[in-house]
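Peer 1: I'd like to ask you about the structure that follows.
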Amino acid sequence: MSTETTASVSTHILDTSVGRPAEGVAISLAARSGFDAQWVALGGSATDADGRCKDLPALPEGTTHVRLDFETEAYFAKNNANKQAEAQQDAPRVRDSGAFFPEVAITFAVTPGEHYHVPLLLNPFGYSVYRGS
């Protein structure tokens, strides 16, 4: 979906505490057109059964920075994945929801014409993110 004048973004989430895609995680997308510019909320979506978010809004022309906000606390509270992870890791209870990170915000720079796939590897006590393909 990328063009010469805009970048495009996609993401997916794997819950590493259970070894499965994270379904139903709400994701918000915001963009700005320079380091000093204000963030503009573009909308959001949620991950499907495969942990993918296929319908994020398009980025406006002139976008230089993108922010993805993942609502992780609601996901862990709903799915009780934290209890299984705690049993496996002998980890202490963190909070009622089990999410040490109630949200994950990833901010990155983009270049027009490029596609940015940003996978999130998630568990109740940590996360990792990278530029995928």
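The way I read the labels, and the way they are meant: chains A, B, ... in the order of the structure tokens, residue 1 as the first residue of every chain, and ligand 1 as the first ligand shown, with later ones counted on from there.
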Mind checking DSSP for stretch 4-122 of chain A and telling me the strand (DSSP E) residues as a ChimeraX atom specification?
Peer 2: /A:8-15,20-21,26-32,40-46,52-53,65-70,104-109,115-122
Peer 1: Mind checking which residues fall within 12 Å of stretch 43-57 of chain A, counting only C-alpha atoms, ignoring those fewer than 6 positions away in the same chain, and posting them as number ranges by chain?
Peer 2: A: 1, 7-16, 19-31, 66-72, 74-75, 117-122
Peer 1: For a test of reading the model, state the distance in Å between atom CA of A:Thr64 and atom CA of A:Gly126, rounded to one decimal.
Peer 2: 27.5 Å
Peer 1: DSSP on the backbone: which residues in chain A end up as alpha helix (DSSP H)? Give the answer as a ChimeraX atom specification.
Peer 2: /A:72-79,81-89
Peer 1: Using all heavy atoms, can you write the selected residues to a file as a tab-separated table (two decimals), in the first residue's frame?
Peer 2:
```tsv
chain	number	residue	atom	x	y	z
A	72	THR	N	-2.29	-3.10	26.34
A	72	THR	CA	-1.94	-4.44	26.81
A	72	THR	C	-2.64	-4.84	28.11
A	72	THR	O	-2.92	-6.01	28.33
A	72	THR	CB	-0.42	-4.56	26.98
A	72	THR	OG1	0.03	-3.55	27.86
A	72	THR	CG2	0.28	-4.40	25.65
A	73	GLU	N	-2.92	-3.90	28.98
A	73	GLU	CA	-3.54	-4.23	30.26
A	73	GLU	C	-4.90	-4.87	30.08
A	73	GLU	O	-5.22	-5.89	30.70
A	73	GLU	CB	-3.65	-2.99	31.15
A	73	GLU	CG	-4.17	-3.31	32.54
A	73	GLU	CD	-4.05	-2.12	33.47
A	73	GLU	OE1	-4.35	-0.98	33.07
A	73	GLU	OE2	-3.62	-2.35	34.61
A	74	ALA	N	-5.72	-4.30	29.21
A	74	ALA	CA	-7.05	-4.86	28.97
A	74	ALA	C	-6.95	-6.27	28.37
A	74	ALA	O	-7.73	-7.15	28.71
A	74	ALA	CB	-7.85	-3.95	28.04
A	75	TYR	N	-5.97	-6.48	27.51
A	75	TYR	CA	-5.77	-7.80	26.91
A	75	TYR	C	-5.47	-8.83	27.99
A	75	TYR	O	-6.08	-9.90	28.05
A	75	TYR	CB	-4.64	-7.75	25.87
A	75	TYR	CG	-4.15	-9.13	25.49
A	75	TYR	CD1	-4.89	-9.94	24.64
A	75	TYR	CD2	-2.95	-9.61	26.00
A	75	TYR	CE1	-4.45	-11.22	24.32
A	75	TYR	CE2	-2.49	-10.88	25.66
A	75	TYR	CZ	-3.25	-11.68	24.82
A	75	TYR	OH	-2.81	-12.94	24.50
A	76	PHE	N	-4.49	-8.53	28.87
A	76	PHE	CA	-4.13	-9.51	29.90
A	76	PHE	C	-5.25	-9.71	30.92
A	76	PHE	O	-5.47	-10.82	31.39
A	76	PHE	CB	-2.83	-9.11	30.59
A	76	PHE	CG	-1.61	-9.39	29.76
A	76	PHE	CD1	-0.80	-8.36	29.32
A	76	PHE	CD2	-1.29	-10.68	29.39
A	76	PHE	CE1	0.32	-8.62	28.55
A	76	PHE	CE2	-0.19	-10.96	28.61
A	76	PHE	CZ	0.63	-9.92	28.18
A	77	ALA	N	-5.97	-8.65	31.26
A	77	ALA	CA	-7.08	-8.79	32.20
A	77	ALA	C	-8.18	-9.69	31.62
A	77	ALA	O	-8.73	-10.54	32.30
A	77	ALA	CB	-7.64	-7.43	32.55
A	78	LYS	N	-8.46	-9.50	30.34
A	78	LYS	CA	-9.52	-10.25	29.68
A	78	LYS	C	-9.16	-11.72	29.48
A	78	LYS	O	-9.98	-12.60	29.66
A	78	LYS	CB	-9.84	-9.62	28.33
A	78	LYS	CG	-10.88	-10.36	27.53
A	78	LYS	CD	-11.10	-9.69	26.19
A	78	LYS	CE	-12.07	-10.50	25.35
A	78	LYS	NZ	-12.15	-10.01	23.99
A	79	ASN	N	-7.94	-11.98	29.14
A	79	ASN	CA	-7.53	-13.33	28.78
A	79	ASN	C	-6.90	-14.13	29.90
A	79	ASN	O	-6.57	-15.29	29.72
A	79	ASN	CB	-6.59	-13.27	27.58
A	79	ASN	CG	-7.31	-12.81	26.35
A	79	ASN	OD1	-8.14	-13.54	25.81
A	79	ASN	ND2	-7.05	-11.59	25.92
A	81	ALA	N	-4.09	-14.36	30.78
A	81	ALA	CA	-2.81	-14.95	30.37
A	81	ALA	C	-1.77	-14.79	31.46
A	81	ALA	O	-0.84	-15.57	31.57
A	81	ALA	CB	-2.32	-14.30	29.08
A	82	ASN	N	-1.96	-13.75	32.30
A	82	ASN	CA	-0.98	-13.50	33.36
A	82	ASN	C	-0.90	-14.67	34.35
A	82	ASN	O	0.17	-15.00	34.83
A	82	ASN	CB	-1.32	-12.21	34.10
A	82	ASN	CG	-2.72	-12.24	34.70
A	82	ASN	OD1	-3.71	-12.43	34.00
A	82	ASN	ND2	-2.81	-12.05	36.00
A	83	LYS	N	-2.00	-15.33	34.64
A	83	LYS	CA	-1.98	-16.44	35.60
A	83	LYS	C	-1.18	-17.61	35.06
A	83	LYS	O	-0.42	-18.23	35.79
A	83	LYS	CB	-3.41	-16.85	35.94
A	83	LYS	CG	-4.11	-15.78	36.76
A	83	LYS	CD	-5.53	-16.14	37.09
A	83	LYS	CE	-6.13	-15.01	37.88
A	83	LYS	NZ	-7.54	-14.93	37.79
A	84	GLN	N	-1.34	-17.89	33.78
A	84	GLN	CA	-0.57	-18.97	33.19
A	84	GLN	C	0.91	-18.61	33.16
A	84	GLN	O	1.77	-19.43	33.46
A	84	GLN	CB	-1.07	-19.26	31.77
A	84	GLN	CG	-0.38	-20.46	31.16
A	84	GLN	CD	-0.99	-20.82	29.82
A	84	GLN	OE1	-1.90	-20.18	29.33
A	84	GLN	NE2	-0.47	-21.87	29.22
A	85	ALA	N	1.22	-17.36	32.82
A	85	ALA	CA	2.63	-16.92	32.77
A	85	ALA	C	3.25	-16.96	34.16
A	85	ALA	O	4.39	-17.37	34.33
A	85	ALA	CB	2.73	-15.52	32.18
A	86	GLU	N	2.50	-16.53	35.17
A	86	GLU	CA	3.03	-16.55	36.53
A	86	GLU	C	3.32	-17.97	36.98
A	86	GLU	O	4.34	-18.24	37.61
A	86	GLU	CB	2.05	-15.88	37.49
A	86	GLU	CG	2.04	-14.38	37.38
A	86	GLU	CD	1.02	-13.74	38.29
A	86	GLU	OE1	0.35	-14.46	39.05
A	86	GLU	OE2	0.89	-12.52	38.24
A	87	ALA	N	2.45	-18.91	36.65
A	87	ALA	CA	2.66	-20.29	37.04
A	87	ALA	C	3.90	-20.86	36.34
A	87	ALA	O	4.66	-21.61	36.95
A	87	ALA	CB	1.43	-21.12	36.68
A	88	GLN	N	4.10	-20.47	35.08
A	88	GLN	CA	5.24	-20.98	34.34
A	88	GLN	C	6.55	-20.37	34.81
A	88	GLN	O	7.58	-21.01	34.80
A	88	GLN	CB	5.07	-20.67	32.85
A	88	GLN	CG	3.97	-21.46	32.21
A	88	GLN	CD	3.71	-21.01	30.77
A	88	GLN	OE1	4.31	-20.06	30.29
A	88	GLN	NE2	2.82	-21.69	30.10
A	89	GLN	N	6.52	-19.10	35.22
A	89	GLN	CA	7.76	-18.39	35.52
A	89	GLN	C	8.04	-18.25	37.00
A	89	GLN	O	9.06	-17.71	37.38
A	89	GLN	CB	7.70	-16.98	34.92
A	89	GLN	CG	7.55	-16.97	33.43
A	89	GLN	CD	7.43	-15.55	32.92
A	89	GLN	OE1	7.96	-14.61	33.50
A	89	GLN	NE2	6.74	-15.38	31.82
```
Peer 1: Pick the closest to A:Trp39 from A:Thr63, A:Thr6, A:Thr111, A:Ser128: which is it, counting only C-alpha atoms?
Peer 2: A:Thr63
Peer 1: Rank nothing, just name the residue among A:Pro124, A:Glu114, A:Ala105, A:Tyr130 nearest to A:Leu59, using only C-alpha atoms.
Peer 2: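 Counting only C-alpha atoms, the residue closest to A:Leu59 is A:Glu114.
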Peer 1: At a cut-off of 8 Å, using only C-alpha atoms, what residues contact A:Thr5? Leave out same-chain residues fewer than 3 positions from it and give the result as number ranges by chain.
Peer 2: A: 61-62, 112-113
